[in-house]
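K.L.:
coords_36.txt is reproduced below (compact mmCIF, C-alpha atoms and all ligand atoms).
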```txt
# COMPACT_ATOMS: atom_id res chain seq x y z
CA MET K 224 14.13 -8.68 -12.26
CA GLY K 225 16.66 -6.96 -9.96
CA ARG K 226 19.99 -8.44 -8.87
CA LYS K 227 18.66 -8.94 -5.35
CA ASP K 228 15.66 -10.95 -6.66
CA LYS K 229 17.93 -13.14 -8.79
CA ARG K 230 20.19 -13.82 -5.79
CA TRP K 231 17.14 -14.74 -3.73
CA ILE K 232 15.86 -17.20 -6.37
CA LEU K 233 19.32 -18.80 -6.69
CA LYS K 234 19.60 -19.12 -2.92
CA ARG K 235 16.15 -20.70 -2.75
CA LYS K 236 17.06 -23.26 -5.44
CA LYS K 237 20.00 -24.40 -3.31
CA ASP K 238 17.92 -24.53 -0.13
CA PHE K 239 17.67 -28.05 1.27
CA TYR K 240 14.21 -27.68 2.86
CA TYR K 241 12.79 -25.83 -0.15
CA ASN K 242 13.81 -28.74 -2.39
CA LEU K 243 12.60 -31.32 0.11
CA ALA K 244 9.21 -29.57 0.33
CA LYS K 245 8.91 -29.69 -3.47
CA LYS K 246 9.91 -33.33 -3.57
CA LEU K 247 7.46 -34.38 -0.85
CA ASN K 248 4.64 -32.12 -2.09
CA TYR K 249 4.46 -29.78 0.86
CA ARG K 250 3.20 -26.32 0.07
CA SER K 251 5.95 -24.65 2.08
CA ARG K 252 9.37 -25.43 3.57
CA ALA K 253 7.81 -24.22 6.84
CA ALA K 254 6.10 -27.64 7.13
CA PHE K 255 9.47 -29.00 8.34
CA LYS K 256 9.68 -26.35 11.07
CA LEU K 257 6.40 -27.65 12.47
CA PHE K 258 7.52 -31.30 12.20
CA GLN K 259 10.82 -30.48 13.95
CA LEU K 260 9.17 -28.46 16.73
CA ASN K 261 6.66 -31.25 17.16
CA GLU K 262 9.42 -33.88 17.47
CA LYS K 263 10.99 -31.86 20.27
CA PHE K 264 7.91 -30.62 22.14
CA ASN K 265 5.16 -33.14 21.30
CA ILE K 266 2.59 -30.46 20.51
CA ILE K 267 0.19 -32.11 18.04
CA LYS K 268 -1.02 -35.65 18.74
CA PRO K 269 -3.21 -38.10 16.80
CA GLY K 270 -6.90 -37.21 17.03
CA ASN K 271 -6.24 -33.60 18.11
CA ILE K 272 -8.27 -30.55 17.10
CA VAL K 273 -5.88 -27.90 15.73
CA VAL K 274 -6.38 -24.23 14.79
CA ASP K 275 -3.80 -22.58 12.50
CA LEU K 276 -3.77 -18.75 12.57
CA GLY K 277 -2.09 -17.43 9.39
CA CYS K 278 -2.08 -20.72 7.45
CA ALA K 279 -1.47 -19.87 3.75
CA PRO K 280 -0.28 -21.46 1.51
CA GLY K 281 -1.01 -24.49 3.71
CA GLY K 282 2.25 -26.28 4.57
CA TRP K 283 1.42 -26.32 8.29
CA LEU K 284 -2.12 -27.47 7.50
CA GLN K 285 -0.65 -30.44 5.61
CA ALA K 286 1.81 -31.24 8.42
CA ALA K 287 -0.90 -30.84 11.09
CA ARG K 288 -3.26 -33.13 9.14
CA GLU K 289 -0.56 -35.80 9.00
CA LEU K 290 0.01 -35.50 12.73
CA VAL K 291 -3.67 -35.59 13.77
CA GLY K 292 -4.60 -38.31 11.24
CA GLU K 293 -8.10 -39.20 10.08
CA LYS K 294 -9.74 -38.76 13.47
CA GLY K 295 -8.43 -35.27 14.14
CA PHE K 296 -9.60 -31.92 12.81
CA VAL K 297 -7.66 -28.94 11.47
CA VAL K 298 -8.99 -25.47 10.71
CA GLY K 299 -6.89 -22.60 9.39
CA ILE K 300 -7.43 -18.93 8.63
CA ASP K 301 -5.46 -16.52 6.46
CA LEU K 302 -5.81 -13.16 4.77
CA GLN K 303 -4.97 -15.06 1.56
CA PRO K 304 -7.17 -17.78 0.10
CA VAL K 305 -5.91 -21.35 0.60
CA LYS K 306 -6.45 -23.96 -2.12
CA SER K 307 -8.33 -26.99 -0.82
CA LEU K 308 -6.12 -29.76 0.55
CA GLY K 309 -8.71 -32.38 -0.35
CA TYR K 310 -9.30 -33.72 3.18
CA ASP K 311 -12.74 -33.72 4.82
CA ASN K 312 -11.21 -32.90 8.20
CA VAL K 313 -9.18 -29.85 7.06
CA LYS K 314 -10.93 -26.50 6.57
CA ALA K 315 -9.50 -23.10 5.69
CA ILE K 316 -11.24 -19.77 5.83
CA LYS K 317 -10.19 -16.43 4.37
CA GLY K 318 -10.05 -13.54 6.81
CA ASP K 319 -8.13 -11.56 9.40
CA PHE K 320 -7.75 -13.52 12.62
CA THR K 321 -7.45 -10.34 14.69
CA LEU K 322 -11.16 -9.69 14.01
CA GLU K 323 -13.65 -11.05 16.52
CA GLU K 324 -16.15 -12.06 13.79
CA ASN K 325 -13.59 -14.41 12.21
CA ILE K 326 -12.81 -16.10 15.51
CA LEU K 327 -16.54 -16.72 15.83
CA LYS K 328 -16.46 -18.42 12.39
CA ILE K 329 -13.66 -20.68 13.61
CA LYS K 330 -15.56 -21.50 16.81
CA ASN K 331 -18.57 -22.48 14.72
CA LEU K 332 -16.47 -24.89 12.65
CA LEU K 333 -14.80 -26.61 15.61
CA PRO K 334 -16.33 -29.92 16.74
CA ASP K 335 -15.09 -29.20 20.30
CA LYS K 336 -12.61 -26.91 22.05
CA ALA K 337 -9.14 -27.03 20.44
CA ASP K 338 -6.21 -29.08 21.76
CA VAL K 339 -3.69 -26.91 19.94
CA VAL K 340 -3.48 -23.41 18.45
CA ILE K 341 -0.55 -22.75 16.11
CA SER K 342 0.46 -19.54 14.36
CA ASP K 343 3.22 -18.94 11.83
CA ALA K 344 1.83 -15.48 11.02
CA SER K 345 4.23 -12.72 10.08
CA PRO K 346 3.40 -9.03 10.33
CA ASN K 347 3.88 -6.71 7.35
CA ILE K 348 7.61 -6.09 7.21
CA SER K 349 8.64 -2.41 7.34
CA GLY K 350 12.37 -3.11 7.22
CA TYR K 351 12.85 -1.27 10.52
CA TRP K 352 13.93 -3.80 13.07
CA ASP K 353 12.25 -2.25 16.14
CA ILE K 354 8.92 -1.86 14.39
CA ASP K 355 8.94 -5.37 12.95
CA HIS K 356 9.91 -6.90 16.29
CA ALA K 357 7.16 -4.97 18.12
CA ARG K 358 4.56 -5.87 15.48
CA SER K 359 5.53 -9.53 15.63
CA VAL K 360 5.22 -9.57 19.43
CA ASP K 361 1.80 -7.87 19.21
CA LEU K 362 0.61 -10.43 16.68
CA VAL K 363 1.72 -13.27 18.95
CA LYS K 364 -0.05 -11.64 21.93
CA THR K 365 -3.24 -11.44 19.87
CA ALA K 366 -2.86 -15.08 18.80
CA MET K 367 -2.19 -16.06 22.43
CA GLN K 368 -5.30 -14.23 23.60
CA ILE K 369 -7.31 -16.04 20.89
CA SER K 370 -5.80 -19.34 22.01
CA THR K 371 -7.20 -18.79 25.51
CA GLU K 372 -10.68 -18.46 23.94
CA LEU K 373 -10.32 -21.62 21.84
CA LEU K 374 -8.24 -24.05 23.90
CA LYS K 375 -9.25 -26.79 26.27
CA GLU K 376 -7.59 -26.75 29.65
CA ARG K 377 -4.06 -28.22 29.31
CA GLY K 378 -4.09 -27.25 25.59
CA ARG K 379 -0.98 -26.07 23.72
CA PHE K 380 -0.02 -22.92 21.84
CA LEU K 381 2.84 -22.43 19.37
CA ALA K 382 3.69 -19.21 17.52
CA LYS K 383 6.44 -17.62 15.49
CA VAL K 384 8.03 -14.53 16.96
CA PHE K 385 10.87 -12.35 15.66
CA TYR K 386 13.43 -12.61 18.41
CA GLY K 387 14.37 -9.42 20.27
CA ASP K 388 14.31 -7.67 23.64
CA MET K 389 10.50 -7.85 24.03
CA VAL K 390 10.53 -11.66 24.04
CA ASP K 391 11.33 -11.83 27.78
CA ASP K 392 8.09 -9.99 28.58
CA LEU K 393 6.21 -12.15 26.12
CA VAL K 394 7.43 -15.25 27.96
CA LYS K 395 6.34 -13.73 31.30
CA LEU K 396 2.91 -13.02 29.84
CA ALA K 397 2.64 -16.59 28.52
CA GLU K 398 3.56 -17.94 31.96
CA LYS K 399 0.43 -16.29 33.39
CA TYR K 400 -1.72 -18.56 31.23
CA PHE K 401 0.40 -21.68 30.56
CA GLU K 402 2.35 -23.88 32.96
CA LYS K 403 5.33 -24.46 30.63
CA VAL K 404 6.83 -21.97 28.16
CA TYR K 405 9.82 -22.48 25.85
CA ILE K 406 11.55 -20.55 23.05
CA SER K 407 13.08 -22.61 20.26
CA LYS K 408 14.46 -22.27 16.75
CA PRO K 409 14.02 -25.36 14.56
CA ARG K 410 16.78 -26.49 12.17
CA ALA K 411 14.62 -25.64 9.15
CA SER K 412 14.50 -21.99 10.22
CA ARG K 413 17.26 -20.09 8.41
CA LYS K 414 20.15 -19.14 10.71
CA GLU K 415 20.23 -15.58 9.41
CA SER K 416 16.50 -15.12 10.13
CA ALA K 417 15.40 -13.60 13.43
CA GLU K 418 12.43 -15.93 13.69
CA SER K 419 12.05 -18.18 16.65
CA TYR K 420 9.04 -19.95 18.13
CA ILE K 421 7.30 -19.71 21.48
CA ILE K 422 5.87 -22.99 22.68
CA CYS K 423 3.34 -22.91 25.52
CA LYS K 424 2.04 -26.07 27.14
CA ARG K 425 -0.70 -26.88 29.64
CA TYR K 426 -3.15 -24.00 29.36
CA THR K 427 -4.38 -23.30 32.87
CA GLY K 428 -7.91 -22.30 31.80
CA LYS K 429 -7.36 -18.75 33.07
CA LYS K 430 -9.39 -16.10 31.18
CA TRP K 431 -7.41 -13.38 29.36
CA GLU K 432 -7.09 -10.40 31.68
CA GLU K 433 -8.12 -6.88 30.71
CA GLU K 434 -4.62 -5.52 31.46
CA ASP K 435 -3.08 -7.91 28.91
CA LYS K 436 -5.30 -6.87 26.01
CA ILE K 437 -3.43 -5.14 23.23
CA LYS K 438 -4.92 -2.19 21.44
CA ARG K 439 -6.43 -3.45 18.19
CA ILE K 440 -6.06 -0.76 15.57
CA LYS K 441 -7.79 -0.61 12.21
CA LYS K 442 -5.43 -1.38 9.34
CA GLU K 443 -5.64 2.11 7.79
CA GLU K 444 -4.81 3.76 11.12
CA ASN K 445 -1.97 1.30 11.61
CA ASN K 446 -0.41 2.21 8.27
CA GLU K 447 -0.72 5.91 8.98
CA ASP K 448 0.93 5.47 12.37
CA ASP K 449 3.78 3.50 10.83
CA GLU K 450 4.30 5.95 8.00
CA LEU K 451 4.62 8.76 10.52
CA LEU K 452 7.01 6.74 12.63
CA ILE K 453 9.13 5.80 9.62
CA LYS K 454 9.32 9.47 8.58
CA LYS K 455 10.47 10.38 12.09
CA ILE K 456 13.15 7.66 12.14
CA ARG K 457 14.40 8.73 8.68
CA ALA K 458 14.59 12.34 9.86
CA MET K 459 16.60 11.26 12.92
CA LYS K 460 19.04 9.33 10.74
CA LYS K 461 19.78 12.32 8.48
C1 LIG K 501 4.79 -17.42 6.80
S1 LIG K 501 3.14 -17.46 6.24
C2 LIG K 501 2.51 -18.95 6.91
C3 LIG K 501 3.05 -20.18 6.22
C4 LIG K 501 2.33 -21.44 6.66
N1 LIG K 501 2.69 -21.80 8.02
C5 LIG K 501 2.66 -22.57 5.74
O1 LIG K 501 3.38 -23.48 6.16
O2 LIG K 501 2.18 -22.59 4.61
C6 LIG K 501 2.38 -16.24 7.25
C7 LIG K 501 0.93 -16.01 6.88
O3 LIG K 501 0.32 -15.23 7.93
C8 LIG K 501 -0.75 -14.53 7.34
N2 LIG K 501 -1.23 -13.50 8.25
C9 LIG K 501 -0.54 -12.48 8.83
N3 LIG K 501 -1.35 -11.72 9.59
C10 LIG K 501 -2.59 -12.28 9.51
C11 LIG K 501 -3.86 -11.95 10.06
N4 LIG K 501 -4.01 -10.90 10.87
N5 LIG K 501 -4.92 -12.73 9.77
C12 LIG K 501 -4.78 -13.79 8.94
N6 LIG K 501 -3.60 -14.16 8.38
C13 LIG K 501 -2.51 -13.41 8.65
C14 LIG K 501 -0.17 -14.02 6.03
O4 LIG K 501 -1.19 -13.71 5.11
C15 LIG K 501 0.71 -15.21 5.60
O5 LIG K 501 0.06 -16.01 4.64
```
Can you give me the file's structure in the form of structure tokens?
P.N.:
Amino acid sequence: MGRKDKRWILKRKKDFYYNLAKKLNYRSRAAFKLFQLNEKFNIIKPGNIVVDLGCAPGGWLQAARELVGEKGFVVGIDLQPVKSLGYDNVKAIKGDFTLEENILKIKNLLPDKADVVISDASPNISGYWDIDHARSVDLVKTAMQISTELLKERGRFLAKVFYGDMVDDLVKLAEKYFEKVYISKPRASRKESAESYIICKRYTGKKWEEEDKIKRIKKEENNEDDELLIKKIRAMKK
């Protein structure tokens, strides 16, 4: 184990929310981010139908289940498998949410249109700030587009985004589809992390416009593109 890894483990052991999550049996410290955002913005209500895009290991699923209660319904999707949470009204499927076929699977599981779509998904981290910021914004745009397919009118959307100069345009885009848009960073989000959350309320029912669609690239192509870009940036820095 490298020195950096050891430092990270030590830091995690001292982390308040990490310890609290262990104590209260949440699968991630991120559960508290959702609780805190919910306190402030009243996103998930009892009886709601919630979709969680990028849900593993399941901390948000647990938090969402507590907020919707017995009468609500929660369905999540992740590239990674999620161990069952043991509730009849919580489902998790394995898959890539940027693929149409997986959104169809979610639609088939939903008892009705969703009240809320949440996404804590992170892109693959390249370590290059501009690339990671752009990828994060693209992932949120994709999640937002999906939310317009799944939500009821006046529904809500919440997603993690790495803060940076493209967030202003992301907010403008969100304002085309939602009446209220906010950016917030919950207390449980580490100060040194660039993550923040976009909260969109009152979906207008407007269909996603062609001009707002982002180019969906196959994973292999994506990696090749990034490798090329990283080579170019490295060459520039020499
Ligand atoms: C920070 S974790 C989510 C943690 C979760 N909110 C919790 O509390 O347990 C981000 C997740 O997003 C998933 N993810 C990223 N891109 C995805 C995609 N295109 N489709 C499905 N899952 C994705 C990753 O596999 C990862 O498990």
K.L.:
From the set K:Asn248, K:Ser370, K:Asn325, K:Gln303, which residue has the shortest atom-to-atom contact distance to Ile341 in chain K, counting only C-alpha atoms?
P.N.:
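Checking each candidate against Ile341 in chain K, we get K:Ser370 as the closest.
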K.L.:
Please give me, as a PyMOL selection string, the residues lying within 8 Å of ligand LIG 501 (chain K) when counting only C-alpha atoms and all ligand atoms.
P.N.:
chain K and resi 250-254+275-284+300-303+317-322+342-347+362
K.L.:
Please compute the CA of Ile421 in chain K-CA of Asp435 in chain K distance, one decimal, in Å.
P.N.:
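Those two atoms sit 17.4 Å apart.
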K.L.:
Taking (6.1, -8.6, 20.4) as a centre in this file's frame and 8 Å as the limit, can you find every polymer residue with an atom that close, using only C-alpha atoms, and give them as an mmCIF file with C-alpha atoms, keeping the file's coordinate frame?
P.N.:
```cif
data_model
loop_
_atom_site.group_PDB
_atom_site.id
_atom_site.type_symbol
_atom_site.label_atom_id
_atom_site.label_comp_id
_atom_site.auth_asym_id
_atom_site.auth_seq_id
_atom_site.Cartn_x
_atom_site.Cartn_y
_atom_site.Cartn_z
ATOM 1 C CA HIS K 356 9.910 -6.900 16.290
ATOM 2 C CA ALA K 357 7.160 -4.970 18.120
ATOM 3 C CA ARG K 358 4.560 -5.870 15.480
ATOM 4 C CA SER K 359 5.530 -9.530 15.630
ATOM 5 C CA VAL K 360 5.220 -9.570 19.430
ATOM 6 C CA ASP K 361 1.800 -7.870 19.210
ATOM 7 C CA LEU K 362 0.610 -10.430 16.680
ATOM 8 C CA VAL K 363 1.720 -13.270 18.950
ATOM 9 C CA LYS K 364 -0.050 -11.640 21.930
ATOM 10 C CA VAL K 384 8.030 -14.530 16.960
ATOM 11 C CA PHE K 385 10.870 -12.350 15.660
ATOM 12 C CA MET K 389 10.500 -7.850 24.030
ATOM 13 C CA VAL K 390 10.530 -11.660 24.040
ATOM 14 C CA LEU K 393 6.210 -12.150 26.120
#
```
K.L.:
Quick check, in Å to one decimal: how far apart do CA of Leu327 in chain K and CA of Val313 in chain K lie?
P.N.:
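Distance reported for this atom pair: 17.4 Å.
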K.L.:
What does the distance between CA of Glu398 in chain K and CA of Ala286 in chain K come to in Å, to one decimal place?
P.N.:
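For CA of Glu398 in chain K relative to CA of Ala286 in chain K, the distance reads 27.1 Å.
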K.L.:
Of the candidates K:Arg379, K:Ile348, K:Ile406, K:Ile316, which one gets nearest to Asp391 in chain K if we count only C-alpha atoms?
P.N.:
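Residue with the minimum atom-to-atom distance to Asp391 in chain K: K:Ile406.
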K.L.:
Pick from K:Gly270, K:Pro409, K:Gly292, K:Gly378: nearest to Val339 in chain K, with all atoms listed in the file counted?
P.N.:
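Nearest to Val339 in chain K: K:Gly378.
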K.L.:
Residues proximal to (12.4, -24.1, 15.0) were defined as those with any atom within 6 Å of that point in the file's coordinates, counting only C-alpha atoms. Which are they, as a PDB file with C-alpha atoms, in the coordinates of the input?
P.N.:
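See out-v4.pdb below for the written result:
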```pdb
ATOM      1  CA  LYS K 256       9.680 -26.350  11.070  1.00  0.00           C
ATOM      2  CA  LEU K 260       9.170 -28.460  16.730  1.00  0.00           C
ATOM      3  CA  SER K 407      13.080 -22.610  20.260  1.00  0.00           C
ATOM      4  CA  LYS K 408      14.460 -22.270  16.750  1.00  0.00           C
ATOM      5  CA  PRO K 409      14.020 -25.360  14.560  1.00  0.00           C
ATOM      6  CA  ARG K 410      16.780 -26.490  12.170  1.00  0.00           C
ATOM      7  CA  SER K 412      14.500 -21.990  10.220  1.00  0.00           C
TER       8      SER K 412
END
```
K.L.:
When distances are computed from only C-alpha atoms, which of K:Glu293, K:Gln285, K:Asn261, K:Lys436 shows the smallest separation from Leu247 in chain K?
P.N.:
K:Gln285
K.L.:
Find the residue from K:Ser416, K:Ile437, K:Lys383, K:Val404 that sits nearest to Trp352 in chain K; use all atoms listed in the file when measuring.
P.N.:
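Going through K:Ser416, K:Ile437, K:Lys383, K:Val404 one by one, the smallest distance to Trp352 in chain K is for K:Ser416.
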K.L.:
Which of these, K:Asp311, K:Glu324, K:Glu433, K:Glu262, has the shortest distance to Lys294 in chain K once you count all atoms listed in the file?
P.N.:
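Residue with the minimum atom-to-atom distance to Lys294 in chain K: K:Asp311.
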K.L.:
I want to know what sits within 10 Å of Phe380 in chain K, based on only C-alpha atoms, with residues of the same chain fewer than 6 positions away left out; could you give that as a list in words?
P.N.:
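Neighbouring residues, sequence-local ones excluded: Ile266, Ile267, Val273, Val274, Asp338, Val339, Val340, Ile341, Ser342, Ala366, Met367, Ser370, Thr371, Leu374, Ala397, Phe401, Val404, Ile421, Ile422, Cys423, Lys424, Arg425 and Tyr426 of chain K.
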K.L.:
Take the selection from the previous step and output its residues with C-alpha atoms, as a CSV table (one decimal), in the frame of the given file.
P.N.:
```
chain,number,residue,atom,x,y,z
K,266,ILE,CA,2.6,-30.5,20.5
K,267,ILE,CA,0.2,-32.1,18.0
K,273,VAL,CA,-5.9,-27.9,15.7
K,274,VAL,CA,-6.4,-24.2,14.8
K,338,ASP,CA,-6.2,-29.1,21.8
K,339,VAL,CA,-3.7,-26.9,19.9
K,340,VAL,CA,-3.5,-23.4,18.4
K,341,ILE,CA,-0.6,-22.8,16.1
K,342,SER,CA,0.5,-19.5,14.4
K,366,ALA,CA,-2.9,-15.1,18.8
K,367,MET,CA,-2.2,-16.1,22.4
K,370,SER,CA,-5.8,-19.3,22.0
K,371,THR,CA,-7.2,-18.8,25.5
K,374,LEU,CA,-8.2,-24.0,23.9
K,397,ALA,CA,2.6,-16.6,28.5
K,401,PHE,CA,0.4,-21.7,30.6
K,404,VAL,CA,6.8,-22.0,28.2
K,421,ILE,CA,7.3,-19.7,21.5
K,422,ILE,CA,5.9,-23.0,22.7
K,423,CYS,CA,3.3,-22.9,25.5
K,424,LYS,CA,2.0,-26.1,27.1
K,425,ARG,CA,-0.7,-26.9,29.6
K,426,TYR,CA,-3.2,-24.0,29.4
```
